[in-house]
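For reference, query21.cif (mmCIF, C-alpha atoms):
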```cif
data_entry
#
loop_
_atom_site.label_atom_id
_atom_site.label_comp_id
_atom_site.auth_asym_id
_atom_site.auth_seq_id
_atom_site.Cartn_x
_atom_site.Cartn_y
_atom_site.Cartn_z
CA MET S 27 -2.27 -14.43 8.17
CA SER S 28 -3.57 -16.34 5.17
CA ASN S 29 -1.76 -16.27 1.89
CA ILE S 30 -3.57 -14.18 -0.70
CA LEU S 31 -2.24 -16.35 -3.49
CA ASN S 32 -4.35 -19.28 -2.25
CA GLN S 33 -7.39 -17.46 -3.55
CA ILE S 34 -6.08 -15.63 -6.60
CA GLY S 35 -3.18 -17.73 -7.84
CA ILE S 36 0.25 -16.69 -9.06
CA GLU S 37 -0.72 -17.31 -12.71
CA ASN S 38 -3.16 -14.41 -12.75
CA TYR S 39 -0.45 -12.03 -11.56
CA ILE S 40 1.97 -13.36 -14.16
CA PHE S 41 -0.58 -12.76 -16.93
CA LEU S 42 -1.36 -9.25 -15.63
CA SER S 43 2.32 -8.32 -15.54
CA VAL S 44 2.98 -9.75 -19.00
CA LEU S 45 0.07 -7.81 -20.49
CA LEU S 46 1.17 -4.60 -18.75
CA PHE S 47 4.73 -5.06 -20.04
CA CYS S 48 3.48 -5.68 -23.59
CA ILE S 49 1.34 -2.53 -23.43
CA GLY S 50 4.49 -0.63 -22.46
CA VAL S 51 6.40 -2.06 -25.43
CA PHE S 52 3.48 -1.15 -27.70
CA GLY S 53 3.57 2.43 -26.43
CA VAL S 54 7.30 2.77 -27.10
CA LEU S 55 6.83 1.57 -30.67
CA TYR S 56 3.55 3.37 -31.40
CA ARG S 57 3.96 6.96 -30.25
CA ARG S 58 6.18 9.77 -31.50
CA ASN S 59 5.90 12.02 -28.47
CA ALA S 60 9.01 11.43 -26.33
CA ILE S 61 7.14 12.09 -23.07
CA ILE S 62 4.63 9.32 -23.83
CA VAL S 63 7.56 7.03 -24.62
CA PHE S 64 8.91 7.80 -21.15
CA MET S 65 5.53 7.02 -19.61
CA SER S 66 5.52 3.66 -21.43
CA ILE S 67 8.92 2.88 -19.93
CA GLU S 68 7.48 3.65 -16.49
CA ILE S 69 4.61 1.22 -17.19
CA MET S 70 7.11 -1.51 -18.09
CA LEU S 71 9.10 -0.90 -14.90
CA ASN S 72 5.90 -1.11 -12.88
CA ALA S 73 4.93 -4.41 -14.48
CA VAL S 74 8.25 -5.90 -13.40
CA ASN S 75 7.90 -4.46 -9.88
CA LEU S 76 4.44 -6.01 -9.56
CA LEU S 77 5.81 -9.42 -10.53
CA PHE S 78 8.64 -9.03 -8.01
CA VAL S 79 6.15 -8.40 -5.20
CA ALA S 80 3.97 -11.32 -6.34
CA PHE S 81 6.90 -13.73 -6.21
CA SER S 82 8.07 -12.27 -2.90
CA THR S 83 4.69 -13.27 -1.46
CA TYR S 84 4.87 -16.61 -3.27
CA HIS S 85 8.16 -17.52 -1.58
CA GLN S 86 7.29 -15.71 1.69
CA ASP S 87 10.56 -13.82 1.43
CA ALA S 88 11.16 -10.09 1.87
CA GLU S 89 14.13 -9.77 -0.49
CA GLY S 90 11.91 -9.30 -3.53
CA GLN S 91 10.39 -6.25 -1.89
CA VAL S 92 13.82 -4.84 -1.04
CA PHE S 93 14.73 -5.17 -4.69
CA VAL S 94 11.59 -3.25 -5.63
CA PHE S 95 12.76 -0.36 -3.40
CA PHE S 96 16.05 -0.20 -5.26
CA SER S 97 14.35 -0.33 -8.63
CA MET S 98 12.03 2.52 -7.56
CA ALA S 99 15.03 4.66 -6.58
CA VAL S 100 16.74 3.96 -9.89
CA ALA S 101 13.49 4.77 -11.76
CA ALA S 102 13.25 8.12 -9.95
CA ALA S 103 16.83 9.02 -10.92
CA GLU S 104 16.23 7.84 -14.49
CA VAL S 105 13.11 9.96 -14.91
CA ALA S 106 14.83 13.07 -13.57
CA VAL S 107 17.80 12.74 -15.94
CA GLY S 108 15.60 11.71 -18.89
CA LEU S 109 13.26 14.66 -18.53
CA ALA S 110 16.26 16.99 -18.24
CA ILE S 111 17.55 15.60 -21.54
CA LEU S 112 14.10 16.15 -23.08
CA VAL S 113 14.06 19.77 -21.91
CA SER S 114 17.42 20.45 -23.54
CA VAL S 115 16.31 18.63 -26.72
CA TYR S 116 13.22 20.85 -26.80
CA ARG S 117 15.40 23.93 -26.40
CA ASN S 118 17.59 22.93 -29.35
CA LEU S 119 15.02 21.55 -31.78
CA GLY S 120 11.75 23.21 -30.76
CA SER S 121 9.89 19.89 -30.55
CA ILE S 122 10.21 16.52 -28.82
CA ASP S 123 9.11 14.40 -31.74
CA ILE S 124 11.46 11.42 -31.67
CA ASP S 125 11.38 11.15 -35.45
CA ASN S 126 13.30 14.45 -35.62
CA LEU S 127 16.20 13.01 -33.67
CA LYS S 128 18.07 11.44 -36.53
CA ASN S 129 21.29 13.43 -36.64
CA LEU S 130 23.32 10.29 -36.01
CA LYS S 131 21.80 8.56 -39.01
CA GLY S 132 24.33 10.15 -41.37
CA MET A 188 -16.32 -16.21 -6.20
CA ALA A 189 -14.66 -14.83 -3.13
CA PRO A 190 -14.82 -11.04 -2.77
CA ILE A 191 -11.03 -10.80 -2.89
CA VAL A 192 -10.98 -12.37 -6.36
CA ILE A 193 -13.57 -9.86 -7.55
CA ILE A 194 -11.40 -7.03 -6.15
CA PHE A 195 -8.39 -8.47 -7.98
CA TYR A 196 -10.18 -8.62 -11.34
CA PHE A 197 -11.57 -5.11 -10.86
CA LEU A 198 -8.10 -3.69 -10.06
CA ALA A 199 -6.52 -5.61 -12.94
CA ALA A 200 -9.12 -4.26 -15.38
CA ILE A 201 -8.47 -0.69 -14.17
CA THR A 202 -4.69 -1.19 -14.46
CA LEU A 203 -4.78 -2.52 -18.01
CA ALA A 204 -7.41 -0.06 -19.25
CA THR A 205 -5.67 3.03 -17.87
CA ALA A 206 -2.29 1.81 -19.14
CA PHE A 207 -3.79 1.44 -22.61
CA LEU A 208 -5.51 4.84 -22.42
CA THR A 209 -2.18 6.43 -21.38
CA ILE A 210 -0.75 5.37 -24.71
CA TYR A 211 -3.88 5.94 -26.76
CA SER A 212 -5.00 9.44 -25.73
CA ARG A 213 -3.70 12.28 -27.89
CA ASN A 214 -3.40 14.95 -25.22
CA PRO A 215 -0.27 14.47 -23.03
CA ILE A 216 -2.08 15.90 -19.96
CA HIS A 217 -4.76 13.21 -20.28
CA SER A 218 -2.02 10.59 -20.61
CA ALA A 219 -0.46 11.81 -17.36
CA ILE A 220 -3.80 11.65 -15.52
CA TYR A 221 -4.44 8.10 -16.76
CA LEU A 222 -0.92 7.14 -15.70
CA VAL A 223 -1.65 8.41 -12.17
CA LEU A 224 -4.78 6.20 -12.09
CA CYS A 225 -2.70 3.24 -13.29
CA PHE A 226 -0.15 3.80 -10.51
CA PHE A 227 -2.89 4.03 -7.89
CA SER A 228 -4.38 0.70 -9.01
CA ILE A 229 -0.93 -0.90 -8.83
CA ALA A 230 -0.65 0.42 -5.26
CA GLY A 231 -3.99 -1.33 -4.68
CA HIS A 232 -2.41 -4.58 -5.87
CA TYR A 233 0.42 -4.07 -3.35
CA LEU A 234 -2.17 -3.56 -0.61
CA LEU A 235 -3.83 -6.84 -1.65
CA PHE A 236 -0.49 -8.52 -0.99
CA ASN A 237 -0.45 -6.89 2.45
CA ALA A 238 2.74 -5.00 1.55
CA GLN A 239 1.71 -1.71 3.18
CA PHE A 240 5.07 0.03 3.21
CA LEU A 241 5.65 -0.72 -0.46
CA ALA A 242 2.18 0.62 -1.37
CA LEU A 243 2.86 3.86 0.51
CA VAL A 244 6.30 4.32 -1.04
CA HIS A 245 4.82 3.59 -4.46
CA ILE A 246 2.17 6.28 -4.06
CA ILE A 247 4.69 8.82 -2.73
CA VAL A 248 7.39 8.19 -5.33
CA TYR A 249 5.37 7.44 -8.46
CA SER A 250 2.05 9.26 -8.08
CA GLY A 251 3.67 12.07 -6.11
CA ALA A 252 7.16 12.83 -7.31
CA ILE A 253 7.43 11.33 -10.79
CA MET A 254 4.02 12.45 -12.03
CA VAL A 255 4.57 16.02 -10.78
CA LEU A 256 7.84 15.98 -12.71
CA PHE A 257 6.04 14.77 -15.84
CA LEU A 258 3.27 17.37 -15.50
CA PHE A 259 5.76 20.19 -14.94
CA THR A 260 7.71 19.17 -18.04
CA ILE A 261 4.52 19.02 -20.11
CA MET A 262 3.53 22.49 -18.92
CA LEU A 263 7.06 23.81 -19.49
CA MET A 264 7.11 22.65 -23.11
CA ASN A 265 3.56 23.85 -23.72
CA LEU A 266 2.53 20.44 -25.00
CA ASN A 267 -1.04 20.43 -23.70
CA LYS A 268 -2.58 20.38 -27.14
CA GLU A 269 -3.36 17.64 -29.59
CA ASP A 270 -1.13 18.47 -32.54
CA GLU A 271 0.96 15.33 -32.68
CA VAL A 272 1.34 13.74 -36.09
CA HIS A 273 0.85 10.00 -36.27
CA LYS A 274 3.64 7.69 -37.24
CA PRO A 275 3.38 6.22 -40.75
CA ARG A 276 0.73 3.54 -41.07
CA ILE A 277 3.21 0.71 -41.62
CA THR A 278 5.02 1.51 -38.36
CA ARG A 279 1.76 1.55 -36.41
CA ILE A 280 0.65 -1.79 -37.86
CA GLY A 281 4.10 -3.18 -37.08
CA ALA A 282 3.80 -1.99 -33.47
CA LEU A 283 0.41 -3.69 -33.16
CA ILE A 284 1.78 -6.95 -34.59
CA VAL A 285 4.75 -6.87 -32.20
CA PHE A 286 2.36 -6.29 -29.28
CA LEU A 287 0.12 -9.21 -30.29
CA ILE A 288 3.00 -11.62 -30.95
CA MET A 289 4.77 -10.73 -27.71
CA SER A 290 1.71 -11.18 -25.53
CA ILE A 291 0.67 -14.43 -27.26
CA VAL A 292 4.17 -15.92 -26.94
CA PHE A 293 4.61 -14.94 -23.30
CA ILE A 294 1.14 -16.11 -22.25
CA THR A 295 1.58 -19.43 -24.07
CA ILE A 296 4.94 -19.94 -22.36
CA PHE A 297 3.50 -19.27 -18.92
CA ILE A 298 0.39 -21.40 -19.51
CA ASN A 299 2.51 -24.38 -20.52
CA SER A 300 5.15 -24.03 -17.80
CA LYS A 301 4.95 -25.98 -14.57
CA THR A 302 5.69 -24.43 -11.21
CA ILE A 303 8.40 -25.91 -9.04
CA MET A 304 6.55 -25.36 -5.78
CA THR A 305 3.28 -27.17 -5.30
CA GLY A 306 0.75 -25.29 -3.27
CA TYR A 307 1.35 -22.03 -1.51
CA ASP A 308 3.50 -21.72 1.54
CA THR A 309 1.77 -20.04 4.47
CA SER A 310 4.38 -20.13 7.20
CA GLY A 311 2.46 -17.48 9.14
CA GLU A 312 5.70 -15.71 10.03
CA ASP A 313 5.90 -11.99 9.48
CA PHE A 314 8.06 -11.17 6.46
CA GLN A 315 6.85 -7.88 5.02
CA SER A 316 6.11 -5.48 7.82
CA ILE A 317 8.09 -2.24 8.04
CA LYS A 318 10.10 -3.61 10.97
CA VAL A 319 11.37 -6.67 9.08
CA LEU A 320 12.02 -4.73 5.87
CA GLY A 321 14.00 -2.06 7.74
CA LYS A 322 16.16 -4.70 9.40
CA ILE A 323 16.90 -6.38 6.06
CA LEU A 324 17.56 -3.07 4.33
CA LEU A 325 20.04 -1.87 6.95
CA ASN A 326 21.80 -5.18 7.61
CA GLU A 327 22.19 -7.24 4.46
CA TYR A 328 21.61 -4.48 1.91
CA MET A 329 23.54 -1.74 3.68
CA PHE A 330 25.96 -0.97 0.82
CA PRO A 331 23.35 -0.83 -1.97
CA PHE A 332 21.23 1.35 0.29
CA GLU A 333 24.06 3.86 0.72
CA PHE A 334 24.98 3.76 -2.94
CA ILE A 335 21.40 4.65 -3.84
CA SER A 336 21.91 7.96 -2.04
CA ILE A 337 25.03 8.61 -4.13
CA LEU A 338 23.08 7.71 -7.28
CA LEU A 339 20.31 10.19 -6.39
CA LEU A 340 22.89 12.91 -5.67
CA VAL A 341 24.60 12.30 -9.02
CA ALA A 342 21.22 12.35 -10.79
CA MET A 343 20.39 15.68 -9.15
CA ILE A 344 23.71 17.27 -10.18
CA GLY A 345 23.35 15.85 -13.70
CA THR A 346 19.85 17.25 -14.06
CA VAL A 347 20.95 20.71 -12.98
CA LEU A 348 23.90 20.60 -15.41
CA LEU A 349 21.78 19.35 -18.31
CA THR A 350 19.05 21.96 -18.02
CA LYS A 351 21.34 24.93 -17.36
CA LYS A 352 21.38 27.41 -20.19
CA GLU A 353 24.72 27.44 -21.99
CA LYS A 354 26.50 30.75 -22.27
CA ASN A 355 27.06 31.43 -25.95
CA ASN A 356 30.45 33.08 -26.18
CA GLU A 357 30.61 34.79 -29.50
#
```
What's the structure tokens form of this structure?
Amino acid sequence: MSNILNQIGIENYIFLSVLLFCIGVFGVLYRRNAIIVFMSIEIMLNAVNLLFVAFSTYHQDAEGQVFVFFSMAVAAAEVAVGLAILVSVYRNLGSIDIDNLKNLKG
Amino acid sequence: MAPIVIIFYFLAAITLATAFLTIYSRNPIHSAIYLVLCFFSIAGHYLLFNAQFLALVHIIVYSGAIMVLFLFTIMLMNLNKEDEVHKPRITRIGALIVFLIMSIVFITIFINSKTIMTGYDTSGEDFQSIKVLGKILLNEYMFPFEFISILLLVAMIGTVLLTKKEKNNE
């Protein structure tokens, strides 16, 4: 079984993950729709997972992949609770524009 | 160029383009569809690494469960129209500047850093088949594995509590 990284190189995966993470950060800062902000957070989590798997292959060690399973489970729980919060915000305010959520600003 | 390198660049281009379109498109339904495409291309990256179980779990959890949840929420809130107001111009320019600075800084750091390992280790021993992963998951990571089930149960109860309609006692 030949190592895939011989042909592609770990650097390319690092650059891909960094760019994906930065796109996620851009989405969180750029959009007002709370659902798109959630999707950007998912993109960031996926960038980190991809880097975990790349380094797990780099070191020929399975523990990186086990960690990715745990992070997927936590992401699933996080999305369920976050979307429930969004539904109740929508019920109270009538919109999910994050610029309307400034009650704590004083 | 080897065919596998061409596949990698093709998948990477799809991943980055669909991730950008997720953020850029005005209609939330279109964003969700682009996000599904992005997740599928990331599963393709996992398959390139020969991590089959991880690719399958990724498709089931992300493209299956999470995206259905997103789509149901979008339908529930009746958001499938393009009526979102933009943020003020200064905030958008600031977001773009943060994006550019972050990517330039990170990429410069990783270009100038040296790796500790020289060359790639190909021990030839099996480390990522379902058999090996299952043994690791149920031996060394037994407690985290069980606590994940508690976490999912708590998340389920919390979701039900959060979305339940409150009785207004007047």
| task | Determine, counting all atoms listed in the file, which protein, DNA and RNA residues have an atom within 8 Å of an atom of Ile61 (chain S); residues of the same chain fewer than 5 positions away are not included. Present the result as a PyMOL selection string. | result | (chain S and resi 122) or (chain A and resi 215+257+261)
| request: Carefully work through the PyMOL selection byres ((chain S and resi 102-109) around 6) for this structure and note down the residues it includes, as a PyMOL selection string. | output: (chain S and resi 99-101+110-112) or (chain A and resi 339+342+346)
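Nearest residue to chain S, choosing from A:Ser300, A:Asn326, A:Thr295, A:Ser290 and counting only C-alpha atoms: A:Ser290.
Closest approach to His245 (chain A) among A:Leu324, A:Cys225, A:Met264, A:Leu208 is made by A:Cys225 (distances from only C-alpha atoms).
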| query | For chain S, which residues have at least one atom within 6 Å of chain A, if we go by all atoms listed in the file? Write them as an MDAnalysis selection string, please. | reply | chainID S and resid 27 29 34 48 52:53 55:56 88 103 107 110 114
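In this structure, CA of Lys131 (chain S) sits 17.4 Å away from CA of Arg58 (chain S).
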| message | Env of Leu46 (chain S): 7 Å cut, atoms = only C-alpha atoms, seq-sep filter 5 positions within chain, self excluded. Answer as a ChimeraX atom specification. | response | /S:69-70,73 /A:203
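Going from CA of Ile49 (chain S) over to CA of Val223 (chain A), you cover 16.0 Å.
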| What lies within 10 Å of Ser121 (chain S) using only C-alpha atoms, ignoring chain neighbours under 4 positions off, as a PyMOL selection string? | (chain S and resi 59-60+112-113+115-117+126-127) or (chain A and resi 264+266)
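Nearest-residue note for Gln239 (chain A): choosing from A:His217, A:Lys301, A:Lys318, A:Arg276, the minimum distance belongs to A:Lys318, counting only C-alpha atoms.
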